[in-house]
Amino acid sequence: MLNTRFCSVLGLATALAASVASAEVTIGVSLGATGPGASLGIHYKNAFTLLPKTLGGEPVKYIILDDASNPTNAAKNARKLVTEDKVDALMGSNGVPSAVQMIQVAAEAKTPMIALTPVPPLPPERAAWTFVVPQPTELMMGAIAEHMKAHGIKTVGYIGFSDTWGDLVLKALESHAASAGYKILTNERYARADTSVTGQVLKIMAANPDAVVVGGSGTGGALPHIALVERGYKGQIYHNHGTVNAEFIKVGGKNVEGAIAVTGPLIVPEELPANYPTKAVSLDFTKRYEAAFGAGARNAFAGYSYDGYLLLDAAVPAALKKAKPGTPEFRDALRASLENVKNIVGSHGVYNMSPSNHNGLDERARVLVKVENGAWRLLK
């Protein structure tokens, strides 16, 4: 009987050990794979098909929901994921308004949030649980400002989305105005679903700026560019890092030839210097993405999903030493671990997180690109 009891106890211990060893990590994702932001959201979603089946060495389950590019839906998705699915972390969305709604839910539920789009400054209780994968707008628009200064641009027209993203790009542009020596003459806005910006463009044309900066994203960024060119604007038109994908060029055609934008290095990995820190990762991911989704399908947005995975993959092992997935203790440990990941080389840049910096990117995460012969090319 003693041997039987010993075997039973040993079997139970072995089963428990196996359970702990193979604890599944669950990640909840909300993306706008349909709606106005679909030209971005589809790429974010596609990236998940290329991810390993493990996270930090443990099995992982991704629950991916479509928020239809609607902030209200994003909030509902996030709430379902944390309350019903008990996810260990949230990821999303591809629109700033939607991501902001998810961040609020994440903070309330004390669940780490991997933001896949830049976000505005957050109150401390929300910032504590939010980790931002994309480059900050100030960092990126700084590269645009430097280019404008080098080319003697003194006046700038601005037209952007009439939402948080449009605000973020404008504020970043304003933050560099004094040092770069330019004045912003216009602040025109349009909705993501608009099909015409004639009135806004006529006001920009009347102001006659040396250059125009567009604060849109995806195919929505092409609308004002096309309108400006069709009305004879000859100055340089700049875009932010929310614009760089093949769909922008498909929609804009010859009208967007010469567009300059700032983006992450994974868009042009073949053209980067051999010693560029992200070249190997950027090139590998781009090759795998295009092998799966077609030549020329590369884009910045799929890379954000991939880099979010890399951050979680680096943080999960330390969290597993403190708690089991599916528990509040694990979520808290994962948050603390994310704050301390160092030198994670992603497709967009090198991430060095800290308690005071939940993004951790620097100038290595940005390059300027230009539309040349229907493709994004490194601006030299």
# chains A, B, ... in the order shown; residues from 1 in each chain; ligands from 1

call {"tool": "closest_atom_pairs", "arguments": {"of": "segment 74-131 of chain A", "to": "segment 168-174 of chain A", "cutoff": "12 Å", "atoms": "only C-alpha atoms", "output": "Markdown table"}}
result
| residue | atom | partner | partner_atom | distance |
| --- | --- | --- | --- | --- |
| A:Val96 | CA | A:Leu168 | CA | 9.3 |
| A:Pro97 | CA | A:Leu168 | CA | 11.2 |
| A:Thr117 | CA | A:Leu168 | CA | 11.3 |
| A:Pro118 | CA | A:Leu168 | CA | 8.5 |
| A:Val119 | CA | A:Leu168 | CA | 7.9 |
| A:Pro120 | CA | A:Leu168 | CA | 6.7 |
| A:Pro121 | CA | A:Leu168 | CA | 9.6 |

call {"tool": "select_by_dssp", "arguments": {"residues": "segment 163-351 of chain A", "states": "strand (DSSP E)", "output": "list of chain:residue names"}}
result
A:Lys183, A:Ile184, A:Leu185, A:Thr186, A:Asn187, A:Glu188, A:Arg189, A:Tyr190, A:Ala211, A:Val212, A:Val213, A:Val214, A:Gly215, A:Gln236, A:Ile237, A:Tyr238, A:His239, A:Ile260, A:Ala261, A:Val262, A:Thr263, A:Ile344, A:Val345, A:Val350, A:Tyr351

call {"tool": "write_last_selection", "arguments": {"atoms": "N, CA, C and O atoms", "output": "compact mmCIF listing (two decimals), in the first residue's frame"}}
result
# COMPACT_ATOMS: atom_id res chain seq x y z
N LYS A 183 7.82 77.64 -39.67
CA LYS A 183 6.56 78.10 -39.08
C LYS A 183 5.42 77.31 -39.70
O LYS A 183 5.37 77.13 -40.92
N ILE A 184 4.50 76.85 -38.87
CA ILE A 184 3.35 76.09 -39.35
C ILE A 184 2.21 77.05 -39.67
O ILE A 184 1.73 77.76 -38.78
N LEU A 185 1.79 77.08 -40.93
CA LEU A 185 0.81 78.06 -41.39
C LEU A 185 -0.63 77.57 -41.30
O LEU A 185 -1.55 78.39 -41.17
N THR A 186 -0.86 76.26 -41.42
CA THR A 186 -2.24 75.75 -41.45
C THR A 186 -2.38 74.54 -40.53
O THR A 186 -1.41 73.81 -40.27
N ASN A 187 -3.58 74.33 -40.06
CA ASN A 187 -3.92 73.14 -39.28
C ASN A 187 -5.27 72.64 -39.78
O ASN A 187 -6.31 72.88 -39.17
N GLU A 188 -5.24 71.97 -40.92
CA GLU A 188 -6.45 71.44 -41.53
C GLU A 188 -6.67 69.99 -41.12
O GLU A 188 -5.70 69.24 -40.94
N ARG A 189 -7.93 69.58 -40.97
CA ARG A 189 -8.24 68.23 -40.52
C ARG A 189 -9.28 67.56 -41.42
O ARG A 189 -10.07 68.23 -42.08
N TYR A 190 -9.28 66.22 -41.40
CA TYR A 190 -10.27 65.45 -42.13
C TYR A 190 -10.48 64.12 -41.40
O TYR A 190 -9.61 63.64 -40.69
N ALA A 211 6.39 73.60 -47.80
CA ALA A 211 6.18 72.15 -47.74
C ALA A 211 4.88 71.86 -47.00
O ALA A 211 4.37 72.71 -46.28
N VAL A 212 4.38 70.65 -47.19
CA VAL A 212 3.16 70.22 -46.49
C VAL A 212 3.46 68.91 -45.77
O VAL A 212 4.12 68.02 -46.31
N VAL A 213 3.00 68.80 -44.54
CA VAL A 213 3.11 67.57 -43.76
C VAL A 213 1.71 66.98 -43.58
O VAL A 213 0.79 67.68 -43.17
N VAL A 214 1.57 65.70 -43.90
CA VAL A 214 0.28 65.01 -43.78
C VAL A 214 0.27 64.14 -42.53
O VAL A 214 1.14 63.27 -42.36
N GLY A 215 -0.70 64.38 -41.68
CA GLY A 215 -0.85 63.60 -40.46
C GLY A 215 -1.94 62.57 -40.59
O GLY A 215 -2.85 62.52 -39.75
N GLN A 236 7.44 70.18 -51.46
CA GLN A 236 7.63 68.82 -50.96
C GLN A 236 6.49 68.43 -50.02
O GLN A 236 6.06 69.22 -49.19
N ILE A 237 6.00 67.21 -50.15
CA ILE A 237 4.95 66.69 -49.28
C ILE A 237 5.55 65.57 -48.44
O ILE A 237 6.11 64.60 -48.97
N TYR A 238 5.43 65.72 -47.12
CA TYR A 238 6.00 64.76 -46.18
C TYR A 238 4.90 63.94 -45.50
O TYR A 238 3.78 64.42 -45.30
N HIS A 239 5.28 62.72 -45.09
CA HIS A 239 4.35 61.85 -44.36
C HIS A 239 5.03 61.27 -43.12
O HIS A 239 6.26 61.27 -43.01
N ILE A 260 8.00 61.91 -49.30
CA ILE A 260 9.03 61.55 -48.32
C ILE A 260 8.34 61.22 -47.01
O ILE A 260 7.44 61.93 -46.57
N ALA A 261 8.78 60.13 -46.39
CA ALA A 261 8.21 59.72 -45.10
C ALA A 261 9.30 59.20 -44.19
O ALA A 261 10.39 58.81 -44.64
N VAL A 262 9.01 59.18 -42.92
CA VAL A 262 9.90 58.56 -41.95
C VAL A 262 9.29 57.22 -41.58
O VAL A 262 8.08 57.06 -41.49
N THR A 263 10.14 56.21 -41.39
CA THR A 263 9.64 54.87 -41.08
C THR A 263 10.71 54.09 -40.35
O THR A 263 11.82 54.58 -40.11
N ILE A 344 16.82 44.40 -26.89
CA ILE A 344 16.02 43.51 -27.73
C ILE A 344 16.04 44.08 -29.15
O ILE A 344 15.47 45.15 -29.41
N VAL A 345 16.71 43.39 -30.05
CA VAL A 345 16.83 43.86 -31.43
C VAL A 345 15.60 43.42 -32.20
O VAL A 345 15.39 42.23 -32.44
N VAL A 350 16.14 48.92 -31.62
CA VAL A 350 16.68 48.23 -30.46
C VAL A 350 15.95 48.75 -29.22
O VAL A 350 16.00 49.94 -28.92
N TYR A 351 15.27 47.85 -28.50
CA TYR A 351 14.43 48.24 -27.37
C TYR A 351 15.17 48.10 -26.05
O TYR A 351 15.74 47.03 -25.76

call {"tool": "closest_residue", "arguments": {"among": "A:Lys321, A:Lys80, A:His147, A:Arg377", "to": "Ala246 of chain A", "atoms": "only C-alpha atoms"}}
result
A:Arg377

call {"tool": "select_by_dssp", "arguments": {"residues": "segment 265-377 of chain A", "states": "alpha helix (DSSP H)", "output": "PyMOL selection string"}}
result
chain A and resi 279-293+300-320+328-338

call {"tool": "write_last_selection", "arguments": {"atoms": "C-alpha atoms", "output": "tab-separated table (two decimals), in the first residue's frame"}}
result
chain	number	residue	atom	x	y	z
A	279	LYS	CA	19.55	44.80	-40.53
A	280	ALA	CA	19.56	41.04	-39.92
A	281	VAL	CA	16.23	40.99	-38.06
A	282	SER	CA	14.57	43.42	-40.45
A	283	LEU	CA	15.75	41.48	-43.50
A	284	ASP	CA	14.71	38.10	-42.09
A	285	PHE	CA	11.22	39.27	-41.16
A	286	THR	CA	10.69	41.08	-44.46
A	287	LYS	CA	11.72	38.00	-46.45
A	288	ARG	CA	9.40	35.74	-44.46
A	289	TYR	CA	6.51	38.18	-44.72
A	290	GLU	CA	6.86	38.58	-48.48
A	291	ALA	CA	7.25	34.81	-48.91
A	292	ALA	CA	3.90	34.37	-47.18
A	293	PHE	CA	1.98	37.36	-48.55
A	300	ALA	CA	5.95	48.78	-41.13
A	301	PHE	CA	2.81	47.57	-39.37
A	302	ALA	CA	3.40	43.82	-39.45
A	303	GLY	CA	6.79	44.59	-37.94
A	304	TYR	CA	5.15	46.21	-34.93
A	305	SER	CA	3.25	43.00	-34.18
A	306	TYR	CA	6.49	41.04	-34.52
A	307	ASP	CA	8.43	43.37	-32.25
A	308	GLY	CA	5.61	43.15	-29.70
A	309	TYR	CA	6.08	39.39	-29.75
A	310	LEU	CA	9.85	39.77	-29.28
A	311	LEU	CA	9.31	41.96	-26.20
A	312	LEU	CA	6.89	39.47	-24.65
A	313	ASP	CA	9.16	36.56	-25.54
A	314	ALA	CA	12.00	38.24	-23.65
A	315	ALA	CA	9.85	39.12	-20.64
A	316	VAL	CA	7.87	35.90	-20.09
A	317	PRO	CA	10.71	33.72	-18.67
A	318	ALA	CA	11.35	36.02	-15.72
A	319	ALA	CA	7.60	36.27	-15.02
A	320	LEU	CA	7.26	32.48	-15.07
A	328	PRO	CA	-2.96	38.32	-11.32
A	329	GLU	CA	0.48	37.54	-9.91
A	330	PHE	CA	1.76	36.50	-13.34
A	331	ARG	CA	0.36	39.61	-14.99
A	332	ASP	CA	2.06	41.80	-12.42
A	333	ALA	CA	5.33	39.90	-12.82
A	334	LEU	CA	5.08	40.20	-16.59
A	335	ARG	CA	4.61	43.96	-16.30
A	336	ALA	CA	7.68	44.22	-14.08
A	337	SER	CA	9.70	42.03	-16.44
A	338	LEU	CA	8.72	44.12	-19.48

call {"tool": "atom_distance", "arguments": {"atom1": "atom CA of Thr327 of chain A", "atom2": "atom CA of Pro134 of chain A"}}
result
27.9 Å

call {"tool": "closest_residue", "arguments": {"among": "A:Met113, A:Ala259, A:Ala222, A:Leu368", "to": "Asp194 of chain A", "atoms": "only C-alpha atoms"}}
result
A:Ala222

call {"tool": "residues_around", "arguments": {"residues": "Ile153 of chain A", "least_positions_apart": "3", "cutoff": "9 Å", "atoms": "only C-alpha atoms", "output": "CSV table (one decimal) with C-alpha atoms, in the first residue's frame"}}
result
chain,number,residue,atom,x,y,z
A,147,HIS,CA,15.3,67.2,-43.5
A,148,MET,CA,13.2,70.4,-43.8
A,149,LYS,CA,15.9,72.4,-42.1
A,150,ALA,CA,18.6,71.0,-44.3
A,156,VAL,CA,4.8,74.4,-43.5
A,180,ALA,CA,14.4,73.5,-37.3
A,181,GLY,CA,13.4,77.1,-38.1
A,182,TYR,CA,10.0,76.6,-39.7
A,209,PRO,CA,3.7,76.9,-47.7
A,210,ASP,CA,7.2,75.7,-48.7
A,211,ALA,CA,6.2,72.1,-47.7

call {"tool": "closest_residue", "arguments": {"among": "A:Thr137, A:Thr34, A:Asn299, A:Thr111", "to": "Glu125 of chain A", "atoms": "only C-alpha atoms"}}
result
A:Thr111

call {"tool": "residues_around", "arguments": {"residues": "Val25 of chain A", "least_positions_apart": "5", "cutoff": "7 Å", "atoms": "only C-alpha atoms", "output": "list in words"}}
result
Glu58, Pro59, Val60, Lys61, Asp88 and Pro325 of chain A

call {"tool": "residues_around", "arguments": {"residues": "Lys254 of chain A", "least_positions_apart": "4", "cutoff": "10 Å", "atoms": "only C-alpha atoms", "output": "JSON, numbers by chain"}}
result
{"A": [226, 229, 249, 250, 258, 371, 372, 373, 374]}

call {"tool": "write_last_selection", "arguments": {"atoms": "all heavy atoms", "output": "CSV table (one decimal), in the first residue's frame"}}
result
chain,number,residue,atom,x,y,z
A,226,ILE,N,-2.9,63.4,-53.0
A,226,ILE,CA,-3.4,63.4,-54.3
A,226,ILE,C,-4.1,64.8,-54.7
A,226,ILE,O,-3.8,65.3,-55.7
A,226,ILE,CB,-4.4,62.3,-54.5
A,226,ILE,CG1,-3.7,60.9,-54.4
A,226,ILE,CG2,-5.1,62.4,-55.8
A,226,ILE,CD1,-4.7,59.8,-54.3
A,229,VAL,N,-1.5,67.6,-55.3
A,229,VAL,CA,-0.8,67.4,-56.6
A,229,VAL,C,-1.7,67.8,-57.7
A,229,VAL,O,-1.3,68.5,-58.7
A,229,VAL,CB,-0.2,66.0,-56.8
A,229,VAL,CG1,0.3,65.8,-58.2
A,229,VAL,CG2,0.9,65.7,-55.8
A,249,ILE,N,0.8,53.6,-52.0
A,249,ILE,CA,1.3,53.9,-53.3
A,249,ILE,C,0.3,53.4,-54.4
A,249,ILE,O,0.1,54.0,-55.4
A,249,ILE,CB,2.7,53.2,-53.5
A,249,ILE,CG1,3.7,53.8,-52.6
A,249,ILE,CG2,3.1,53.3,-55.0
A,249,ILE,CD1,5.1,53.1,-52.6
A,250,LYS,N,-0.4,52.3,-54.1
A,250,LYS,CA,-1.4,51.8,-55.0
A,250,LYS,C,-2.5,52.8,-55.2
A,250,LYS,O,-3.0,53.0,-56.3
A,250,LYS,CB,-2.0,50.4,-54.5
A,250,LYS,CG,-1.0,49.3,-54.6
A,250,LYS,CD,-1.6,48.0,-54.1
A,250,LYS,CE,-0.6,46.9,-54.1
A,250,LYS,NZ,-1.1,45.6,-53.5
A,258,GLY,N,7.7,60.8,-55.2
A,258,GLY,CA,8.4,61.9,-54.6
A,258,GLY,C,8.1,62.1,-53.1
A,258,GLY,O,8.7,62.9,-52.5
A,371,VAL,N,9.2,57.7,-52.2
A,371,VAL,CA,8.5,57.0,-53.3
A,371,VAL,C,9.3,57.2,-54.6
A,371,VAL,O,9.3,58.4,-55.1
A,371,VAL,CB,7.0,57.3,-53.4
A,371,VAL,CG1,6.4,56.5,-54.5
A,371,VAL,CG2,6.3,57.0,-52.1
A,372,GLU,N,9.9,56.2,-55.1
A,372,GLU,CA,10.6,56.3,-56.4
A,372,GLU,C,10.2,55.1,-57.3
A,372,GLU,O,10.3,54.0,-56.9
A,372,GLU,CB,12.1,56.3,-56.2
A,372,GLU,CG,12.7,57.5,-55.4
A,372,GLU,CD,14.2,57.4,-55.2
A,372,GLU,OE1,14.8,56.4,-55.6
A,372,GLU,OE2,14.7,58.3,-54.7
A,373,ASN,N,9.6,55.5,-58.4
A,373,ASN,CA,9.2,54.5,-59.4
A,373,ASN,C,8.2,53.4,-58.8
A,373,ASN,O,8.4,52.2,-59.0
A,373,ASN,CB,10.4,53.8,-60.0
A,373,ASN,CG,11.3,54.7,-60.8
A,373,ASN,OD1,10.8,55.6,-61.5
A,373,ASN,ND2,12.6,54.6,-60.6
A,374,GLY,N,7.3,54.0,-58.0
A,374,GLY,CA,6.3,53.1,-57.4
A,374,GLY,C,6.7,52.2,-56.2
A,374,GLY,O,6.1,51.2,-56.0

call {"tool": "atom_distance", "arguments": {"atom1": "atom CA of Leu55 of chain A", "atom2": "atom CA of Ser93 of chain A"}}
result
20.2 Å

call {"tool": "residues_around", "arguments": {"residues": "Arg364 of chain A", "least_positions_apart": "3", "cutoff": "9 Å", "atoms": "only C-alpha atoms", "output": "number ranges by chain"}}
result
A: 264-265, 276-278, 348-350, 361, 367
